[in-house]
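**Q** Quick one, upload02.cif (mmCIF, C-alpha atoms):
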data_final
#
loop_
_atom_site.label_atom_id
_atom_site.label_comp_id
_atom_site.auth_asym_id
_atom_site.auth_seq_id
_atom_site.Cartn_x
_atom_site.Cartn_y
_atom_site.Cartn_z
CA MET A 1 0.00 0.00 0.00
CA LYS A 2 2.66 2.39 1.06
CA SER A 3 4.81 1.63 -1.95
CA SER A 4 1.94 2.13 -4.37
CA ILE A 5 1.28 5.62 -2.98
CA LEU A 6 4.96 6.34 -3.43
CA ARG A 7 4.83 5.07 -7.00
CA ALA A 8 1.82 7.24 -7.83
CA GLY A 9 3.57 10.23 -6.29
CA VAL A 10 6.67 9.68 -8.38
CA ALA A 11 4.57 9.34 -11.53
CA LEU A 12 2.76 12.60 -10.74
CA ALA A 13 5.99 14.41 -10.08
CA CYS A 14 7.36 13.16 -13.40
CA ALA A 15 4.25 14.27 -15.26
CA LEU A 16 4.41 17.75 -13.71
CA GLY A 17 8.09 17.98 -14.47
CA LEU A 18 7.54 17.11 -18.11
CA ALA A 19 4.67 19.55 -18.49
CA ALA A 20 6.85 22.33 -17.13
CA CYS A 21 9.61 21.55 -19.62
CA GLY A 22 7.78 22.50 -22.79
CA GLY A 23 5.33 19.74 -23.15
CA GLY A 24 2.41 22.19 -23.51
CA ASP A 25 1.73 25.29 -25.62
CA GLY A 26 2.78 27.51 -22.74
CA ASP A 27 1.24 30.61 -21.26
CA LEU A 28 3.91 33.26 -21.80
CA LEU A 29 3.12 35.90 -24.42
CA LEU A 30 6.20 37.47 -25.98
CA GLN A 31 5.79 41.21 -25.96
CA GLY A 32 7.84 44.34 -26.24
CA THR A 33 8.04 48.10 -26.35
CA ILE A 34 8.56 50.12 -29.52
CA TYR A 35 10.47 53.23 -28.58
CA GLN A 36 10.47 55.07 -31.89
CA GLY A 37 10.68 54.96 -35.64
CA VAL A 38 7.61 52.96 -36.61
CA THR A 39 5.74 55.70 -38.47
CA LYS A 40 4.71 53.59 -41.44
CA GLU A 41 3.24 50.16 -42.11
CA GLY A 42 5.65 47.42 -43.09
CA LEU A 43 7.46 46.22 -39.97
CA ILE A 44 7.31 42.41 -39.68
CA LEU A 45 8.84 40.60 -36.72
CA THR A 46 9.52 36.88 -36.46
CA ASN A 47 10.20 34.56 -33.56
CA ASN A 48 12.65 31.72 -34.29
CA GLY A 49 12.17 32.45 -37.97
CA GLY A 50 8.40 32.04 -37.97
CA ASP A 51 5.23 33.27 -36.28
CA ASP A 52 5.20 36.45 -38.42
CA LEU A 53 3.87 39.53 -36.67
CA ALA A 54 2.98 42.67 -38.65
CA VAL A 55 3.34 45.79 -36.50
CA PRO A 56 1.08 48.69 -37.55
CA ALA A 57 2.23 52.27 -38.01
CA GLY A 58 2.43 54.28 -34.82
CA ALA A 59 2.35 51.24 -32.52
CA SER A 60 4.12 51.64 -29.21
CA SER A 61 4.13 47.96 -28.32
CA PHE A 62 3.79 44.52 -29.88
CA GLN A 63 2.77 41.05 -28.76
CA PHE A 64 3.16 37.72 -30.53
CA SER A 65 -0.09 35.76 -30.71
CA ARG A 66 1.45 32.35 -30.02
CA ALA A 67 2.31 31.74 -26.39
CA VAL A 68 5.58 30.10 -25.40
CA SER A 69 6.47 28.00 -22.39
CA THR A 70 8.95 28.62 -19.62
CA ASP A 71 12.49 27.90 -20.78
CA ASP A 72 11.58 27.87 -24.48
CA GLU A 73 14.20 29.72 -26.46
CA PHE A 74 12.91 32.72 -28.34
CA ASN A 75 14.74 34.79 -30.91
CA ILE A 76 12.93 37.84 -32.23
CA GLU A 77 14.21 39.28 -35.49
CA VAL A 78 13.14 41.86 -38.06
CA LYS A 79 11.96 40.14 -41.23
CA GLN A 80 10.91 43.36 -42.97
CA LYS A 81 11.41 47.04 -42.17
CA PRO A 82 9.05 49.88 -43.06
CA SER A 83 10.27 51.52 -46.29
CA ASN A 84 11.37 54.73 -44.52
CA VAL A 85 13.49 52.94 -41.92
CA LYS A 86 17.27 52.65 -42.14
CA GLU A 87 17.67 50.08 -39.39
CA CYS A 88 15.76 48.56 -36.47
CA THR A 89 17.59 47.46 -33.33
CA ILE A 90 16.11 44.86 -31.02
CA ALA A 91 17.20 44.75 -27.40
CA ASN A 92 16.91 41.54 -25.34
CA GLY A 93 15.30 39.75 -28.29
CA LYS A 94 17.01 36.40 -27.70
CA ALA A 95 16.66 34.49 -24.45
CA ARG A 96 14.90 31.62 -22.71
CA ALA A 97 11.33 32.50 -21.86
CA ASN A 98 10.24 33.30 -18.33
CA TYR A 99 8.14 36.00 -16.74
CA TYR A 100 11.13 38.34 -16.60
CA THR A 101 12.69 37.84 -20.04
CA ILE A 102 9.44 38.11 -22.01
CA ALA A 103 8.90 41.65 -20.70
CA GLN A 104 12.37 43.05 -21.44
CA ILE A 105 12.19 43.20 -25.22
CA SER A 106 12.32 46.55 -27.02
CA ILE A 107 12.71 47.86 -30.56
CA THR A 108 14.09 51.14 -31.81
CA CYS A 109 13.98 52.01 -35.51
CA GLU A 110 16.07 54.71 -37.08
CA ILE A 111 14.29 56.61 -39.84
CA LYS A 112 16.21 57.45 -43.02
CA THR A 113 17.25 61.04 -43.61
CA HIS A 114 18.04 62.73 -46.90
CA PRO A 115 20.22 65.74 -47.70
CA PHE A 116 18.17 68.92 -48.00
CA VAL A 117 19.63 71.28 -50.61
CA ILE A 118 17.48 74.17 -51.79
CA LYS A 119 17.90 76.61 -54.67
CA ILE A 120 18.55 80.35 -54.33
CA ALA A 121 17.87 82.65 -57.29
CA GLY A 122 18.76 86.30 -57.88
CA LEU A 123 20.53 86.92 -54.56
CA THR A 124 23.08 89.71 -54.99
CA SER A 125 23.50 91.04 -51.44
CA ASN A 126 24.31 89.77 -47.99
CA GLY A 127 22.03 89.43 -45.01
CA LEU A 128 19.55 86.74 -46.06
CA VAL A 129 18.66 84.35 -43.23
CA VAL A 130 16.58 81.29 -44.05
CA VAL A 131 15.09 78.92 -41.47
CA ASN A 132 13.59 75.47 -41.54
CA GLY A 133 12.16 75.51 -38.03
CA THR A 134 15.15 75.56 -35.68
CA ASP A 135 17.63 75.11 -38.53
CA ARG A 136 18.92 78.65 -39.19
CA ARG A 137 21.17 79.49 -42.14
CA GLU A 138 22.83 82.73 -43.17
CA VAL A 139 23.10 82.89 -46.95
CA PRO A 140 25.95 84.86 -48.55
CA ALA A 141 25.46 87.06 -51.62
CA ASN A 142 25.40 85.31 -54.99
CA ALA A 143 24.70 81.88 -53.50
CA THR A 144 22.72 79.63 -55.83
CA THR A 145 22.22 76.66 -53.50
CA LEU A 146 21.91 76.24 -49.76
CA GLU A 147 22.45 72.98 -47.91
CA MET A 148 20.31 72.73 -44.81
CA SER A 149 20.24 69.97 -42.16
CA PRO A 150 19.05 66.59 -43.45
CA VAL A 151 15.33 65.89 -43.24
CA TYR A 152 13.58 62.62 -42.35
CA GLU A 153 12.08 60.66 -45.22
CA ASP A 154 8.31 61.36 -45.31
CA GLY A 155 8.93 64.15 -42.78
CA ALA A 156 7.72 67.70 -43.25
CA TYR A 157 9.87 70.72 -43.98
CA GLY A 158 8.92 74.37 -44.05
CA VAL A 159 11.44 76.87 -45.34
CA THR A 160 10.81 80.56 -44.68
CA VAL A 161 12.79 83.78 -44.84
CA LEU A 162 13.67 84.99 -41.35
CA THR A 163 15.60 88.13 -42.40
CA GLN A 164 15.61 89.76 -45.83
CA PRO A 165 18.94 90.63 -47.48
CA THR A 166 20.03 94.26 -47.76
CA GLY A 167 18.08 96.04 -50.50
CA GLN A 168 16.37 92.92 -51.79
CA THR A 169 13.20 91.02 -51.04
CA CYS A 170 13.10 87.25 -51.22
CA THR A 171 10.08 84.97 -51.38
CA VAL A 172 10.02 81.23 -51.00
CA GLN A 173 8.43 79.10 -53.68
CA ASN A 174 7.27 75.55 -52.78
CA GLY A 175 8.74 76.15 -49.34
CA THR A 176 6.79 73.51 -47.47
CA ALA A 177 6.10 69.88 -48.33
CA THR A 178 7.10 66.37 -47.35
CA MET A 179 10.57 64.95 -47.95
CA GLY A 180 10.78 62.40 -50.77
CA THR A 181 12.59 59.07 -50.84
CA THR A 182 15.78 60.02 -52.70
CA ASP A 183 18.99 61.79 -51.78
CA THR A 184 18.82 64.21 -54.71
CA ASN A 185 15.98 66.08 -56.45
CA ASN A 186 13.92 65.54 -53.35
CA ASN A 187 12.45 69.04 -53.11
CA ASN A 188 11.34 71.98 -55.26
CA VAL A 189 12.18 74.78 -52.85
CA VAL A 190 13.40 77.97 -54.52
CA VAL A 191 14.15 81.22 -52.72
CA ASN A 192 13.59 83.94 -55.32
CA CYS A 193 15.22 87.27 -54.58
CA ALA A 194 14.68 90.51 -56.42
CA MET B 1 51.54 37.74 33.28
CA LYS B 2 48.72 36.16 31.42
CA PHE B 3 46.17 38.05 33.53
CA SER B 4 47.71 41.48 32.79
CA PHE B 5 47.73 40.79 29.06
CA ALA B 6 43.99 40.19 29.19
CA ARG B 7 43.49 43.43 31.09
CA ASN B 8 45.44 45.39 28.52
CA ALA B 9 43.50 43.85 25.69
CA LEU B 10 40.23 44.72 27.40
CA ALA B 11 41.28 48.34 27.93
CA MET B 12 42.32 48.57 24.30
CA THR B 13 39.00 47.18 23.10
CA ALA B 14 37.06 49.61 25.24
CA LEU B 15 39.05 52.50 23.89
CA LEU B 16 38.51 51.46 20.27
CA THR B 17 34.80 51.00 20.87
CA LEU B 18 34.49 54.44 22.38
CA ALA B 19 36.41 56.00 19.49
CA SER B 20 34.09 54.46 16.94
CA CYS B 21 31.05 55.74 18.84
CA GLY B 22 31.70 59.41 18.24
CA GLY B 23 34.99 59.90 19.90
CA GLY B 24 36.01 61.31 16.49
CA LYS B 25 33.81 63.95 14.84
CA ALA B 26 31.87 62.49 11.86
CA THR B 27 30.41 65.11 9.51
CA PHE B 28 28.83 64.75 6.13
CA PRO B 29 29.43 67.06 3.15
CA ILE B 30 26.42 67.57 0.83
CA ASN B 31 27.62 66.79 -2.68
CA VAL B 32 25.60 68.00 -5.65
CA THR B 33 26.03 67.28 -9.36
CA VAL B 34 24.04 69.29 -11.90
CA TYR B 35 23.77 68.37 -15.56
CA ASN B 36 23.21 70.70 -18.51
CA VAL B 37 23.73 74.05 -16.77
CA LEU B 38 24.03 76.52 -19.64
CA TYR B 39 23.31 79.83 -17.94
CA ASP B 40 24.00 81.53 -14.62
CA GLY B 41 21.45 81.92 -11.87
CA LEU B 42 20.89 78.53 -10.22
CA VAL B 43 20.95 78.63 -6.42
CA LEU B 44 20.35 75.48 -4.38
CA THR B 45 19.49 75.71 -0.73
CA THR B 46 19.23 73.52 2.37
CA ASN B 47 19.73 73.95 6.13
CA GLY B 48 20.07 77.71 5.80
CA GLN B 49 22.93 77.46 3.31
CA ASP B 50 22.94 78.58 -0.31
CA LEU B 51 25.01 77.10 -3.09
CA ALA B 52 25.30 78.99 -6.38
CA ILE B 53 25.88 76.80 -9.43
CA HIS B 54 27.64 78.36 -12.41
CA PRO B 55 27.99 76.79 -15.86
CA GLY B 56 31.37 75.19 -16.46
CA SER B 57 33.70 76.06 -19.32
CA ASP B 58 32.63 72.83 -21.03
CA THR B 59 28.86 72.76 -20.68
CA SER B 60 28.67 69.16 -21.87
CA GLN B 61 30.21 68.17 -18.52
CA PRO B 62 28.15 68.22 -15.30
CA VAL B 63 28.93 70.76 -12.59
CA ASN B 64 30.02 69.30 -9.24
CA ALA B 65 29.63 71.37 -6.08
CA VAL B 66 29.58 70.95 -2.30
CA PHE B 67 27.58 72.99 0.22
CA PRO B 68 29.87 75.15 2.39
CA ASN B 69 28.99 73.55 5.74
CA GLU B 70 29.00 69.84 6.45
CA LEU B 71 26.14 68.23 8.37
CA GLU B 72 26.35 66.45 11.71
CA TYR B 73 25.22 62.85 12.00
CA GLY B 74 21.42 62.75 12.24
CA GLN B 75 20.77 66.23 10.79
CA THR B 76 18.11 66.24 8.10
CA TYR B 77 18.51 67.99 4.75
CA ASP B 78 16.28 68.80 1.79
CA VAL B 79 18.03 70.39 -1.17
CA THR B 80 15.84 72.47 -3.51
CA PRO B 81 16.29 75.40 -5.86
CA LYS B 82 15.99 78.53 -3.73
CA ILE B 83 12.68 80.35 -3.72
CA GLU B 84 13.01 84.09 -3.38
CA THR B 85 10.19 86.48 -2.61
CA THR B 86 10.65 90.09 -3.63
CA THR B 87 8.32 93.06 -3.87
CA GLY B 88 7.31 93.91 -7.42
CA THR B 89 6.83 97.39 -8.85
CA ASP B 90 3.10 97.11 -8.06
CA GLY B 91 3.86 96.43 -4.39
CA LYS B 92 2.77 92.80 -4.55
CA ALA B 93 4.99 89.93 -3.53
CA VAL B 94 6.73 88.23 -6.44
CA THR B 95 7.99 84.69 -5.99
CA THR B 96 10.85 83.53 -8.16
CA ILE B 97 12.62 80.21 -8.17
CA LYS B 98 16.34 80.63 -8.64
CA TYR B 99 16.81 78.45 -11.70
CA PRO B 100 19.46 79.24 -14.28
CA GLN B 101 18.20 81.93 -16.68
CA HIS B 102 16.07 80.39 -19.45
CA GLN B 103 16.23 76.98 -17.76
CA THR B 104 14.35 74.76 -15.30
CA CYS B 105 16.00 72.11 -13.12
CA GLN B 106 14.70 69.04 -11.33
CA GLN B 107 16.01 65.97 -9.55
CA SER B 108 17.50 63.55 -12.06
CA PRO B 109 14.70 61.17 -13.06
CA ASN B 110 16.95 58.42 -14.44
CA TYR B 111 18.67 55.47 -12.84
CA PRO B 112 21.35 55.43 -11.42
CA THR B 113 21.44 59.16 -10.70
CA ASN B 114 17.86 59.43 -9.35
CA LEU B 115 19.05 59.57 -5.75
CA PRO B 116 16.90 61.41 -3.17
CA THR B 117 17.57 65.11 -2.64
CA TYR B 118 16.46 64.90 0.98
CA GLY B 119 17.31 62.59 3.89
CA THR B 120 19.24 62.32 7.12
CA ALA B 121 23.00 62.62 7.40
CA GLY B 122 24.45 59.21 8.15
CA GLN B 123 21.60 57.33 6.47
CA LEU B 124 23.94 56.66 3.55
CA GLY B 125 27.72 56.62 3.62
CA LYS B 126 27.85 59.69 1.39
CA ILE B 127 25.37 62.45 0.62
CA GLN B 128 25.27 62.79 -3.16
CA MET B 129 22.43 63.99 -5.35
CA TYR B 130 21.88 64.87 -8.98
CA PHE B 131 19.87 67.59 -10.72
CA VAL B 132 19.18 67.94 -14.43
CA CYS B 133 18.41 71.27 -16.13
CA SER B 134 16.57 71.72 -19.40
CA ILE B 135 16.13 74.77 -21.58
CA ASN B 136 12.70 76.37 -21.33
CA ALA B 137 10.34 76.32 -24.28
CA TYR B 138 7.54 78.78 -24.98
CA PRO B 139 4.45 78.46 -27.17
CA LEU B 140 3.54 79.90 -30.55
CA VAL B 141 -0.11 80.90 -30.23
CA ALA B 142 -2.42 81.63 -33.15
CA LYS B 143 -5.89 82.86 -33.99
CA VAL B 144 -7.48 80.97 -36.89
CA THR B 145 -10.15 82.81 -38.88
CA GLY B 146 -12.60 81.63 -41.53
CA LEU B 147 -11.63 77.96 -41.44
CA ARG B 148 -14.39 75.69 -42.78
CA GLY B 149 -12.54 72.90 -44.57
CA THR B 150 -10.70 69.93 -43.11
CA GLY B 151 -7.10 69.07 -43.87
CA LEU B 152 -5.20 72.16 -42.68
CA THR B 153 -1.78 71.22 -41.35
CA LEU B 154 1.03 73.48 -40.26
CA ALA B 155 4.73 72.72 -40.09
CA ASN B 156 7.52 74.29 -38.09
CA GLY B 157 10.51 72.99 -39.99
CA SER B 158 11.51 69.35 -39.76
CA GLY B 159 12.27 68.85 -36.09
CA VAL B 160 8.70 68.53 -34.81
CA ALA B 161 5.60 66.79 -36.10
CA PRO B 162 3.17 68.95 -38.09
CA VAL B 163 -0.09 69.93 -36.38
CA SER B 164 -3.56 69.50 -37.84
CA ILE B 165 -6.23 72.12 -37.29
CA SER B 166 -9.93 71.27 -37.55
CA PRO B 167 -12.64 73.87 -38.14
CA ALA B 168 -15.04 74.92 -35.38
CA LEU B 169 -18.27 72.88 -35.62
CA ASP B 170 -21.86 73.67 -34.67
CA ALA B 171 -24.29 71.30 -32.90
CA ASN B 172 -24.88 69.43 -36.17
CA ASN B 173 -21.15 68.99 -36.78
CA ALA B 174 -21.25 71.49 -39.63
CA PRO B 175 -18.30 73.89 -39.88
CA THR B 176 -19.19 77.40 -38.74
CA GLY B 177 -16.13 79.28 -39.90
CA ALA B 178 -15.95 80.87 -36.46
CA ASP B 179 -12.65 82.17 -35.14
CA ILE B 180 -10.52 79.75 -33.17
CA PRO B 181 -8.66 81.90 -30.62
CA ASP B 182 -5.59 81.09 -28.54
CA LEU B 183 -4.58 77.95 -30.36
CA THR B 184 -1.14 76.69 -29.33
CA LEU B 185 0.68 75.57 -32.45
CA PHE B 186 4.19 74.63 -31.40
CA SER B 187 6.50 74.84 -28.44
CA VAL B 188 9.83 76.50 -29.23
CA THR B 189 13.02 76.18 -27.18
CA PHE B 190 14.63 79.41 -25.98
CA ASN B 191 17.17 80.92 -28.37
CA THR B 192 16.12 78.80 -31.35
CA THR B 193 14.34 79.95 -34.49
CA TYR B 194 10.86 79.08 -35.69
CA GLY B 195 9.22 79.33 -39.08
CA VAL B 196 5.61 78.28 -39.38
CA THR B 197 4.37 77.27 -42.83
CA ILE B 198 1.14 75.86 -44.21
CA LEU B 199 2.00 72.31 -45.13
CA THR B 200 -1.42 71.38 -46.53
CA GLN B 201 -4.36 73.68 -47.27
CA PRO B 202 -7.86 72.80 -46.08
CA LYS B 203 -10.37 71.45 -48.58
CA ASP B 204 -11.61 74.17 -51.01
CA GLN B 205 -9.90 76.91 -49.02
CA THR B 206 -6.63 78.80 -48.97
CA CYS B 207 -5.05 80.01 -45.76
CA THR B 208 -2.26 82.50 -45.25
CA ILE B 209 -0.11 82.90 -42.20
CA SER B 210 1.06 86.12 -40.56
CA GLY B 211 2.67 86.99 -37.27
CA GLY B 212 5.86 85.88 -35.63
CA ALA B 213 8.71 88.31 -35.11
CA ASN B 214 9.14 89.08 -38.83
CA GLY B 215 5.43 89.23 -39.60
CA THR B 216 5.51 86.30 -42.00
CA GLY B 217 5.59 83.43 -39.52
CA ALA B 218 9.26 83.31 -38.59
CA GLY B 219 11.41 84.62 -35.77
CA THR B 220 13.63 83.72 -32.85
CA MET B 221 12.48 82.75 -29.36
CA ASP B 222 14.60 85.49 -27.81
CA VAL B 223 14.57 87.30 -24.47
CA ALA B 224 11.66 89.55 -25.51
CA ALA B 225 9.58 86.57 -26.64
CA GLU B 226 10.46 84.76 -23.41
CA ALA B 227 9.37 87.74 -21.31
CA ALA B 228 6.04 87.73 -23.17
CA GLY B 229 5.56 84.03 -22.40
CA GLY B 230 5.78 83.07 -26.07
CA VAL B 231 4.80 84.50 -29.43
CA LYS B 232 1.06 85.08 -29.55
CA ASN B 233 0.48 87.22 -32.62
CA PHE B 234 0.03 84.49 -35.22
CA VAL B 235 -3.02 84.80 -37.46
CA ILE B 236 -4.04 82.06 -39.87
CA ALA B 237 -6.61 83.60 -42.20
CA CYS B 238 -8.58 81.20 -44.38
CA SER B 239 -10.93 82.02 -47.22
CA ASN B 240 -12.88 79.97 -49.75
CA ASN B 241 -11.29 79.28 -53.11
CA PRO B 242 -13.05 80.92 -56.07
CA ALA B 243 -15.58 78.53 -57.55
#
Written as structure tokens, how would this file's structure read?
**A**
Amino acid sequence: MKSSILRAGVALACALGLAACGGGDGDLLLQGTIYQGVTKEGLILTNNGGDDLAVPAGASSFQFSRAVSTDDEFNIEVKQKPSNVKECTIANGKARANYYTIAQISITCEIKTHPFVIKIAGLTSNGLVVVNGTDRREVPANATTLEMSPVYEDGAYGVTVLTQPTGQTCTVQNGTATMGTTDTNNNNVVVNCA
Amino acid sequence: MKFSFARNALAMTALLTLASCGGGKATFPINVTVYNVLYDGLVLTTNGQDLAIHPGSDTSQPVNAVFPNELEYGQTYDVTPKIETTTGTDGKAVTTIKYPQHQTCQQSPNYPTNLPTYGTAGQLGKIQMYFVCSINAYPLVAKVTGLRGTGLTLANGSGVAPVSISPALDANNAPTGADIPDLTLFSVTFNTTYGVTILTQPKDQTCTISGGANGTGAGTMDVAAEAAGGVKNFVIACSNNPA
């Protein structure tokens, strides 16, 4: 009698032990924080090369639909980036699953920037100051182009004249729009001075 | 012989014990580190002492300072920017917090420098705290007139997200074209420029922008703009496109 209770106990312990070691589907949902850079559709994450997860634009977090079990290895990778992203970095994306590790995952994406060179026409005197928000540029006489700070792809720009040059008046044509997807010919801004 | 050795050892032990219990004078300096101090004017205070913090020659490095008087074991402290009350020109009391000019400072919010700025001397081996200063920002405020269409967005360069402006609606959700007063467009950091432009026009309407320091939507958030609490003369005037 005593030995049969013992035997049953051992069997139960074994069963529990097996269940805990990945026998079941698990109850841990892999999730993470998106710090920045997902401004457009197109980000697809994978876990161990499968279980594709499409992350929508503007999301601040993500969660895989398939649960994993304690001690399962997970490895989250970027299968596809949004088209305006240079690179996405995943922190703590590879580990064995437990209540701690599944909540430490984060993603940061770096959005592409493009050079922002605008045209200047008819400028014959000094004193012109052009701004794109906080980006302030003094333009010397006879300049025909002006390189401003790079602008994010799909990001807005708005060029205006802060100070007119001596004896001339400049107006900005096509001064505000959204940055294109190329490094050159990505804007139609012209500062016309007369 | 053996007995006298024990007596000596006992005397020695007693002496050492006494020394460690305040035979020597233990005092605690209050160490402060402040990040991102760009301008003069910050004064920290605790226990009746003031400590002026000046920007260093390399402002990318934090400023380290120590209060002039050390604290005794068990004395409490609470370090804060000094609050000064003066009498204004109208005779009323004016309260100012002695932050650096154009800046605001607070206890560092980030690990591992988010140590308490108050406590009791002796609680920790060393009294050390951290403050972080940031440059103040002030709003650009506009009045929008005649707006009936949807889709108006304004940009302020490339550093901040554009803002969308919706028309005023009546009880039936129809646009009224009524003025929208006191609309905050953007927040601009002290000593930086701004240039507000109309990124997209509303449906069937055209809006023009005026105001800012140069009258056409651009300017610098300078001392005068700071004193006025921002730039509040923007007008965005919208009218219907000819049919």
**Q** Applied to this file, what does the PyMOL selection byres ((chain B) within 9 of (chain A)) return in terms of residues, put as JSON, numbers by chain?
**A** {"B": [154, 155, 156, 157, 158, 159, 160, 161, 162, 188, 189, 192, 193, 194, 195, 196, 197, 198, 199, 200, 213, 214, 216, 217, 218, 219, 220]}
**Q** If I take atom CA of Pro181 of chain B and atom CA of Ile165 of chain B, how far is one from the other in Å, to one decimal?
**A** 12.1 Å
**Q** List, as number ranges by chain, every residue that the PyMOL selection byres ((chain B and resi 33-41) around 10) selects in the file provided.
**A** B: 31-32, 42-44, 52-66, 97-108, 113, 128-135
**Q** Next, the residues of the selection above should be written as a PDB file, in the frame of the given file with C-alpha atoms.
**A**
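Dumped everything to part_39.pdb:
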ATOM      1  CA  ASN B  31      27.620  66.790  -2.680  1.00  0.00           C
ATOM      2  CA  VAL B  32      25.600  68.000  -5.650  1.00  0.00           C
ATOM      3  CA  LEU B  42      20.890  78.530 -10.220  1.00  0.00           C
ATOM      4  CA  VAL B  43      20.950  78.630  -6.420  1.00  0.00           C
ATOM      5  CA  LEU B  44      20.350  75.480  -4.380  1.00  0.00           C
ATOM      6  CA  ALA B  52      25.300  78.990  -6.380  1.00  0.00           C
ATOM      7  CA  ILE B  53      25.880  76.800  -9.430  1.00  0.00           C
ATOM      8  CA  HIS B  54      27.640  78.360 -12.410  1.00  0.00           C
ATOM      9  CA  PRO B  55      27.990  76.790 -15.860  1.00  0.00           C
ATOM     10  CA  GLY B  56      31.370  75.190 -16.460  1.00  0.00           C
ATOM     11  CA  SER B  57      33.700  76.060 -19.320  1.00  0.00           C
ATOM     12  CA  ASP B  58      32.630  72.830 -21.030  1.00  0.00           C
ATOM     13  CA  THR B  59      28.860  72.760 -20.680  1.00  0.00           C
ATOM     14  CA  SER B  60      28.670  69.160 -21.870  1.00  0.00           C
ATOM     15  CA  GLN B  61      30.210  68.170 -18.520  1.00  0.00           C
ATOM     16  CA  PRO B  62      28.150  68.220 -15.300  1.00  0.00           C
ATOM     17  CA  VAL B  63      28.930  70.760 -12.590  1.00  0.00           C
ATOM     18  CA  ASN B  64      30.020  69.300  -9.240  1.00  0.00           C
ATOM     19  CA  ALA B  65      29.630  71.370  -6.080  1.00  0.00           C
ATOM     20  CA  VAL B  66      29.580  70.950  -2.300  1.00  0.00           C
ATOM     21  CA  ILE B  97      12.620  80.210  -8.170  1.00  0.00           C
ATOM     22  CA  LYS B  98      16.340  80.630  -8.640  1.00  0.00           C
ATOM     23  CA  TYR B  99      16.810  78.450 -11.700  1.00  0.00           C
ATOM     24  CA  PRO B 100      19.460  79.240 -14.280  1.00  0.00           C
ATOM     25  CA  GLN B 101      18.200  81.930 -16.680  1.00  0.00           C
ATOM     26  CA  HIS B 102      16.070  80.390 -19.450  1.00  0.00           C
ATOM     27  CA  GLN B 103      16.230  76.980 -17.760  1.00  0.00           C
ATOM     28  CA  THR B 104      14.350  74.760 -15.300  1.00  0.00           C
ATOM     29  CA  CYS B 105      16.000  72.110 -13.120  1.00  0.00           C
ATOM     30  CA  GLN B 106      14.700  69.040 -11.330  1.00  0.00           C
ATOM     31  CA  GLN B 107      16.010  65.970  -9.550  1.00  0.00           C
ATOM     32  CA  SER B 108      17.500  63.550 -12.060  1.00  0.00           C
ATOM     33  CA  THR B 113      21.440  59.160 -10.700  1.00  0.00           C
ATOM     34  CA  GLN B 128      25.270  62.790  -3.160  1.00  0.00           C
ATOM     35  CA  MET B 129      22.430  63.990  -5.350  1.00  0.00           C
ATOM     36  CA  TYR B 130      21.880  64.870  -8.980  1.00  0.00           C
ATOM     37  CA  PHE B 131      19.870  67.590 -10.720  1.00  0.00           C
ATOM     38  CA  VAL B 132      19.180  67.940 -14.430  1.00  0.00           C
ATOM     39  CA  CYS B 133      18.410  71.270 -16.130  1.00  0.00           C
ATOM     40  CA  SER B 134      16.570  71.720 -19.400  1.00  0.00           C
ATOM     41  CA  ILE B 135      16.130  74.770 -21.580  1.00  0.00           C
TER      42      ILE B 135
END
**Q** Record the distance separating atom CA of Thr108 of chain A and atom CA of Gln36 of chain A, expressed in Å with one decimal.
**A**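 These two atoms are separated by 5.3 Å.
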**Q** Identify, on the basis of only C-alpha atoms, every residue whose closest approach to Ala141 of chain A does not exceed 12 Å; exclude the query and any residue fewer than 5 positions from it along the same chain; express the result as a PDB file with C-alpha atoms, in the coordinates of the input.
**A**
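What ended up in part21.pdb:
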ATOM      1  CA  ILE A 120      18.550  80.350 -54.330  1.00  0.00           C
ATOM      2  CA  ALA A 121      17.870  82.650 -57.290  1.00  0.00           C
ATOM      3  CA  GLY A 122      18.760  86.300 -57.880  1.00  0.00           C
ATOM      4  CA  LEU A 123      20.530  86.920 -54.560  1.00  0.00           C
ATOM      5  CA  THR A 124      23.080  89.710 -54.990  1.00  0.00           C
ATOM      6  CA  SER A 125      23.500  91.040 -51.440  1.00  0.00           C
ATOM      7  CA  ASN A 126      24.310  89.770 -47.990  1.00  0.00           C
ATOM      8  CA  GLY A 127      22.030  89.430 -45.010  1.00  0.00           C
ATOM      9  CA  LEU A 128      19.550  86.740 -46.060  1.00  0.00           C
ATOM     10  CA  VAL A 129      18.660  84.350 -43.230  1.00  0.00           C
ATOM     11  CA  LEU A 146      21.910  76.240 -49.760  1.00  0.00           C
ATOM     12  CA  GLN A 164      15.610  89.760 -45.830  1.00  0.00           C
ATOM     13  CA  PRO A 165      18.940  90.630 -47.480  1.00  0.00           C
ATOM     14  CA  THR A 166      20.030  94.260 -47.760  1.00  0.00           C
ATOM     15  CA  GLY A 167      18.080  96.040 -50.500  1.00  0.00           C
ATOM     16  CA  GLN A 168      16.370  92.920 -51.790  1.00  0.00           C
ATOM     17  CA  CYS A 193      15.220  87.270 -54.580  1.00  0.00           C
TER      18      CYS A 193
END
**Q** Convert the output of the PyMOL selection byres ((chain A and resi 85-90) around 7) on the shown file into explicit residues, formatted as a list of chain:residue names.
**A**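 For this structure, the PyMOL selection byres ((chain A and resi 85-90) around 7) resolves to A:Lys81, A:Pro82, A:Ser83, A:Asn84, A:Ala91, A:Asn92, A:Gly93, A:Ser106, A:Ile107, A:Thr108, A:Cys109, A:Glu110, A:Ile111, A:Lys112.
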**Q** Would you mind reading off the distance between atom CA of Glu226 of chain B and atom CA of Tyr138 of chain B, one decimal, in Å?
**A** 6.8 Å
**Q** So that I can check the surroundings of Phe28 of chain B, please list as a PyMOL selection string every protein, DNA and RNA residue that reaches within 12 Å of it, counting all atoms listed in the file and ignoring chain neighbours fewer than 2 positions away.
**A** chain B and resi 25-26+30-31+66-77+119-128
